[in-house]
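Engineer: Next comes the structure file entry-v8.txt, holding compact mmCIF, N, CA and C atoms.
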```txt
# COMPACT_ATOMS: atom_id res chain seq x y z
N ALA A 30 129.93 52.97 91.67
CA ALA A 30 128.69 52.21 91.72
C ALA A 30 128.15 52.23 93.15
N TYR A 31 126.86 52.01 93.25
CA TYR A 31 126.27 51.85 94.56
C TYR A 31 125.19 50.77 94.46
N LEU A 32 124.75 50.31 95.60
CA LEU A 32 123.80 49.22 95.66
C LEU A 32 122.62 49.64 96.51
N PHE A 33 121.41 49.41 96.03
CA PHE A 33 120.26 49.62 96.89
C PHE A 33 119.39 48.39 96.82
N TYR A 34 118.58 48.23 97.85
CA TYR A 34 117.75 47.04 97.96
C TYR A 34 116.31 47.39 97.64
N THR A 35 115.66 46.49 96.93
CA THR A 35 114.28 46.69 96.51
C THR A 35 113.56 45.35 96.54
N SER A 36 112.26 45.43 96.70
CA SER A 36 111.47 44.20 96.57
C SER A 36 110.87 44.13 95.17
N GLY A 37 110.91 45.26 94.46
CA GLY A 37 110.41 45.27 93.10
C GLY A 37 108.98 44.76 93.01
N SER A 38 108.62 44.23 91.89
CA SER A 38 107.26 43.75 91.69
C SER A 38 107.07 42.33 92.23
N THR A 39 108.17 41.66 92.56
CA THR A 39 108.06 40.27 93.01
C THR A 39 107.80 40.15 94.51
N GLY A 40 108.15 41.19 95.27
CA GLY A 40 108.01 41.13 96.72
C GLY A 40 109.20 40.47 97.40
N ALA A 41 110.12 39.91 96.61
CA ALA A 41 111.32 39.29 97.18
C ALA A 41 112.47 40.30 97.19
N PRO A 42 113.06 40.58 98.37
CA PRO A 42 114.15 41.56 98.44
C PRO A 42 115.33 41.15 97.58
N LYS A 43 115.93 42.15 96.94
CA LYS A 43 117.13 41.88 96.14
C LYS A 43 117.95 43.17 96.05
N GLY A 44 119.24 43.02 95.87
CA GLY A 44 120.13 44.16 95.70
C GLY A 44 120.25 44.51 94.22
N VAL A 45 120.23 45.81 93.93
CA VAL A 45 120.36 46.28 92.55
C VAL A 45 121.59 47.17 92.47
N LYS A 46 122.52 46.83 91.59
CA LYS A 46 123.74 47.61 91.42
C LYS A 46 123.49 48.73 90.41
N ILE A 47 123.83 49.95 90.80
CA ILE A 47 123.72 51.10 89.92
C ILE A 47 125.13 51.52 89.52
N LEU A 48 125.40 51.51 88.24
CA LEU A 48 126.74 51.85 87.75
C LEU A 48 126.96 53.35 87.75
N GLU A 49 128.25 53.75 87.81
CA GLU A 49 128.61 55.16 87.86
C GLU A 49 128.01 55.96 86.70
N ARG A 50 127.98 55.39 85.52
CA ARG A 50 127.49 56.12 84.34
C ARG A 50 126.00 56.41 84.41
N ASN A 51 125.27 55.67 85.23
CA ASN A 51 123.84 55.88 85.33
C ASN A 51 123.48 57.13 86.13
N VAL A 52 124.34 57.53 87.06
CA VAL A 52 124.06 58.70 87.88
C VAL A 52 124.06 59.98 87.04
N PRO A 53 125.10 60.25 86.22
CA PRO A 53 125.02 61.44 85.36
C PRO A 53 123.85 61.38 84.37
N ALA A 54 123.51 60.19 83.91
CA ALA A 54 122.38 60.06 82.99
C ALA A 54 121.08 60.46 83.70
N LEU A 55 120.92 60.05 84.96
CA LEU A 55 119.75 60.42 85.75
C LEU A 55 119.70 61.93 85.95
N MET A 56 120.83 62.52 86.32
CA MET A 56 120.87 63.96 86.56
C MET A 56 120.57 64.74 85.28
N ASN A 57 121.10 64.29 84.17
CA ASN A 57 120.85 64.95 82.89
C ASN A 57 119.37 64.83 82.51
N TRP A 58 118.79 63.67 82.70
CA TRP A 58 117.38 63.48 82.39
C TRP A 58 116.50 64.39 83.24
N MET A 59 116.81 64.50 84.53
CA MET A 59 116.03 65.37 85.41
C MET A 59 116.16 66.83 84.97
N HIS A 60 117.37 67.23 84.58
CA HIS A 60 117.59 68.60 84.12
C HIS A 60 116.79 68.87 82.84
N LEU A 61 116.86 67.96 81.88
CA LEU A 61 116.14 68.12 80.63
C LEU A 61 114.62 68.08 80.82
N SER A 62 114.18 67.42 81.89
CA SER A 62 112.75 67.34 82.18
C SER A 62 112.23 68.59 82.90
N GLY A 63 113.11 69.55 83.13
CA GLY A 63 112.69 70.79 83.77
C GLY A 63 112.86 70.82 85.27
N HIS A 64 113.57 69.87 85.82
CA HIS A 64 113.77 69.81 87.26
C HIS A 64 115.14 70.39 87.64
N GLN A 65 115.37 71.64 87.25
CA GLN A 65 116.64 72.28 87.58
C GLN A 65 116.59 72.79 89.02
N VAL A 66 117.70 72.64 89.71
CA VAL A 66 117.81 73.10 91.08
C VAL A 66 118.94 74.13 91.11
N SER A 67 118.67 75.27 91.78
CA SER A 67 119.67 76.33 91.83
C SER A 67 119.98 76.69 93.27
N VAL A 68 120.90 77.61 93.43
CA VAL A 68 121.33 78.06 94.75
C VAL A 68 120.16 78.67 95.54
N ALA A 69 119.15 79.16 94.86
CA ALA A 69 118.00 79.77 95.53
C ALA A 69 117.01 78.74 96.06
N ASP A 70 117.19 77.48 95.73
CA ASP A 70 116.24 76.42 96.09
C ASP A 70 116.67 75.68 97.35
N THR A 71 115.71 74.99 97.94
CA THR A 71 115.98 74.04 99.02
C THR A 71 115.33 72.73 98.62
N MET A 72 116.11 71.68 98.59
CA MET A 72 115.60 70.35 98.26
C MET A 72 115.17 69.67 99.56
N LEU A 73 113.94 69.18 99.58
CA LEU A 73 113.43 68.45 100.73
C LEU A 73 113.68 66.96 100.49
N MET A 74 114.53 66.39 101.30
CA MET A 74 114.86 64.96 101.16
C MET A 74 113.95 64.17 102.08
N GLN A 75 112.94 63.54 101.48
CA GLN A 75 112.01 62.77 102.28
C GLN A 75 112.16 61.27 102.06
N SER A 76 112.95 60.88 101.09
CA SER A 76 113.13 59.46 100.79
C SER A 76 114.22 58.86 101.65
N SER A 77 114.03 57.61 101.99
CA SER A 77 115.07 56.85 102.68
C SER A 77 116.28 56.74 101.76
N ILE A 78 117.47 56.71 102.33
CA ILE A 78 118.68 56.60 101.50
C ILE A 78 118.75 55.26 100.78
N SER A 79 117.91 54.32 101.17
CA SER A 79 117.88 53.03 100.46
C SER A 79 116.95 53.07 99.25
N PHE A 80 116.27 54.18 99.03
CA PHE A 80 115.35 54.32 97.91
C PHE A 80 116.06 55.10 96.81
N ASP A 81 115.87 54.68 95.56
CA ASP A 81 116.63 55.29 94.46
C ASP A 81 116.36 56.78 94.28
N MET A 82 115.18 57.28 94.63
CA MET A 82 114.89 58.71 94.49
C MET A 82 115.78 59.56 95.39
N SER A 83 116.29 58.98 96.48
CA SER A 83 117.15 59.75 97.38
C SER A 83 118.43 60.19 96.69
N VAL A 84 118.90 59.43 95.72
CA VAL A 84 120.11 59.80 94.98
C VAL A 84 119.88 61.12 94.25
N TRP A 85 118.74 61.25 93.57
CA TRP A 85 118.43 62.50 92.88
C TRP A 85 118.26 63.64 93.87
N GLN A 86 117.56 63.38 94.99
CA GLN A 86 117.33 64.44 95.97
C GLN A 86 118.65 64.95 96.54
N TYR A 87 119.55 64.04 96.86
CA TYR A 87 120.84 64.43 97.42
C TYR A 87 121.73 65.10 96.39
N LEU A 88 121.91 64.46 95.24
CA LEU A 88 122.84 64.99 94.25
C LEU A 88 122.35 66.26 93.59
N SER A 89 121.05 66.42 93.40
CA SER A 89 120.56 67.65 92.77
C SER A 89 120.85 68.85 93.65
N SER A 90 120.75 68.67 94.96
CA SER A 90 121.06 69.79 95.84
C SER A 90 122.56 70.05 95.86
N THR A 91 123.36 69.01 95.81
CA THR A 91 124.81 69.17 95.80
C THR A 91 125.29 69.82 94.51
N LEU A 92 124.83 69.31 93.38
CA LEU A 92 125.28 69.83 92.08
C LEU A 92 124.68 71.19 91.77
N GLY A 93 123.49 71.47 92.30
CA GLY A 93 122.84 72.75 92.06
C GLY A 93 123.18 73.80 93.10
N SER A 94 124.04 73.45 94.06
CA SER A 94 124.45 74.34 95.15
C SER A 94 123.27 74.84 95.96
N SER A 95 122.23 74.04 96.07
CA SER A 95 121.08 74.44 96.87
C SER A 95 121.21 73.87 98.27
N SER A 96 120.30 74.26 99.12
CA SER A 96 120.25 73.72 100.47
C SER A 96 119.55 72.37 100.44
N LEU A 97 119.83 71.55 101.44
CA LEU A 97 119.20 70.24 101.55
C LEU A 97 118.56 70.14 102.93
N ALA A 98 117.24 70.01 102.98
CA ALA A 98 116.52 69.82 104.24
C ALA A 98 116.17 68.34 104.33
N ILE A 99 116.68 67.67 105.35
CA ILE A 99 116.44 66.24 105.51
C ILE A 99 115.29 66.03 106.49
N LEU A 100 114.24 65.42 106.00
CA LEU A 100 113.04 65.19 106.79
C LEU A 100 113.25 64.00 107.72
N GLN A 101 112.78 64.14 108.96
CA GLN A 101 112.84 63.03 109.90
C GLN A 101 112.09 61.84 109.33
N GLN A 102 112.71 60.67 109.35
CA GLN A 102 112.10 59.50 108.72
C GLN A 102 110.75 59.15 109.34
N SER A 103 110.58 59.35 110.60
CA SER A 103 109.31 59.00 111.24
C SER A 103 108.20 60.00 110.95
N LYS A 104 108.55 61.13 110.30
CA LYS A 104 107.58 62.20 110.06
C LYS A 104 107.14 62.32 108.60
N GLU A 105 107.62 61.45 107.72
CA GLU A 105 107.35 61.63 106.30
C GLU A 105 105.87 61.50 105.92
N LYS A 106 105.07 60.87 106.75
CA LYS A 106 103.65 60.72 106.45
C LYS A 106 102.78 61.75 107.18
N ASP A 107 103.41 62.60 107.97
CA ASP A 107 102.70 63.65 108.70
C ASP A 107 102.66 64.90 107.82
N SER A 108 101.58 65.06 107.07
CA SER A 108 101.51 66.14 106.08
C SER A 108 101.63 67.52 106.71
N ALA A 109 101.10 67.72 107.89
CA ALA A 109 101.21 69.02 108.56
C ALA A 109 102.67 69.33 108.87
N PHE A 110 103.41 68.32 109.32
CA PHE A 110 104.83 68.51 109.61
C PHE A 110 105.62 68.80 108.35
N VAL A 111 105.32 68.08 107.28
CA VAL A 111 106.02 68.29 106.00
C VAL A 111 105.78 69.71 105.50
N VAL A 112 104.55 70.17 105.58
CA VAL A 112 104.23 71.55 105.15
C VAL A 112 104.98 72.54 106.02
N GLU A 113 105.03 72.30 107.32
CA GLU A 113 105.76 73.19 108.24
C GLU A 113 107.24 73.28 107.87
N VAL A 114 107.85 72.14 107.58
CA VAL A 114 109.25 72.12 107.18
C VAL A 114 109.44 72.89 105.88
N MET A 115 108.54 72.70 104.94
CA MET A 115 108.64 73.38 103.65
C MET A 115 108.51 74.90 103.81
N ILE A 116 107.65 75.35 104.69
CA ILE A 116 107.49 76.79 104.93
C ILE A 116 108.71 77.37 105.61
N GLU A 117 109.27 76.64 106.57
CA GLU A 117 110.42 77.13 107.32
C GLU A 117 111.70 77.18 106.50
N THR A 118 111.82 76.31 105.50
CA THR A 118 113.04 76.29 104.71
C THR A 118 112.84 77.06 103.51
```
I'd like the structure from this file rewritten - as structure tokens, please.

Structural biologist:
Amino acid sequence: AYLFYTSGSTGAPKGVKILERNVPALMNWMHLSGHQVSVADTMLMQSSISFDMSVWQYLSSTLGSSSLAILQQSKEKDSAFVVEVMIET
């Protein structure tokens, strides 16, 4: 299990526990939705590790044997920088 923090729709911070069984379910859903990652791909990780999407970004690259490019947190809103990173990787 892991825990991430969210403000959700209430705006009040709270911790949310994600059980082990939910991670394979997420990966299977992404695969069935057509989001397969292979050794030829590079996953761009732009989400903070405290955000639930980061789990998919990290694990899909690990399970798909692809490369993982981690974007500088202060640069995620700089579209020119993001495009540059995407071209280089």

Engineer: Identify, on the basis of only C-alpha atoms, every residue whose closest approach to segment 110-113 of chain A does not exceed 9 Å; exclude the query and any residue fewer than 6 positions from it along the same chain; express the result as a CSV table (one decimal) with N, CA and C atoms, keeping the file's coordinate frame.

Structural biologist:
```csv
chain,number,residue,atom,x,y,z
A,75,GLN,N,112.9,63.5,101.5
A,75,GLN,CA,112.0,62.8,102.3
A,75,GLN,C,112.2,61.3,102.1
A,100,LEU,N,114.2,65.4,106.0
A,100,LEU,CA,113.0,65.2,106.8
A,100,LEU,C,113.2,64.0,107.7
A,104,LYS,N,108.6,61.1,110.3
A,104,LYS,CA,107.6,62.2,110.1
A,104,LYS,C,107.1,62.3,108.6
```

Engineer: How many Å lie between atom N of Glu105 of chain A and atom C of Met59 of chain A, rounded to one decimal?

Structural biologist: 24.9 Å

Engineer: Of the candidates A:Val45, A:Ser108, A:Trp58, A:Thr71, which shows the shortest atom-to-atom distance to Phe33 of chain A, using all atoms listed in the file?

Structural biologist: A:Val45

Engineer: List every residue of segment 39-101 of chain A that DSSP, applied to the backbone of this structure, assigns to strand (DSSP E), and report them as a PyMOL selection string.

Structural biologist: chain A and resi 43-47+71-74+96-99

Engineer: Give me the residues within 8 Å of segment 77-94 of chain A as number ranges by chain, counting only C-alpha atoms and dropping any in the same chain fewer than 3 places off.

Structural biologist: A: 33-35, 55-56, 65-68, 71-74, 97, 102

Engineer: For Gly44 of chain A, which residue out of A:Leu61, A:Met115, A:Leu32, A:Ala109 is the nearest one, using all atoms listed in the file?

Structural biologist: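 Under the stated criterion, the closest residue is A:Leu32.
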
Engineer: Atom CA of Asp70 of chain A and atom CA of Ser96 of chain A are how many Å apart?

Structural biologist: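 Computing it gives 6.5 Å between the two atoms.
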
Engineer: Can you list, as a PyMOL selection string, all residues belonging to chain A that DSSP tags as helix (DSSP H, G or I)?

Structural biologist: chain A and resi 51-61+82-92+102-104+108-117

Engineer: Nearest to Leu48 of chain A: which of A:Tyr31, A:Ile116, A:Asp107, A:Ile99 is it, counting all atoms listed in the file?

Structural biologist: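 Using all atoms listed in the file, the shortest distance to Leu48 of chain A belongs to A:Tyr31.
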
Engineer: Mind giving me the straight-line distance from atom C of Arg50 of chain A to atom CA of Ser36 of chain A in Å, one decimal?

Structural biologist: 22.5 Å

Engineer: Which is closest to Val52 of chain A among A:Ser76, A:Ser103, A:Thr118, A:Ala30, if we use only C-alpha atoms?

Structural biologist: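 When distances to Val52 of chain A are compared using only C-alpha atoms, the smallest one comes from A:Ala30.
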
Engineer: Axis-aligned box over every listed atom of segment 103-117 of chain A, padded by 4 Å per side: centre and edges in Å to one decimal, as JSON?

Structural biologist:
```
{"center_x": 106.4, "center_y": 68.2, "center_z": 107.4, "size_x": 18.6, "size_y": 26.4, "size_z": 15.6}
```
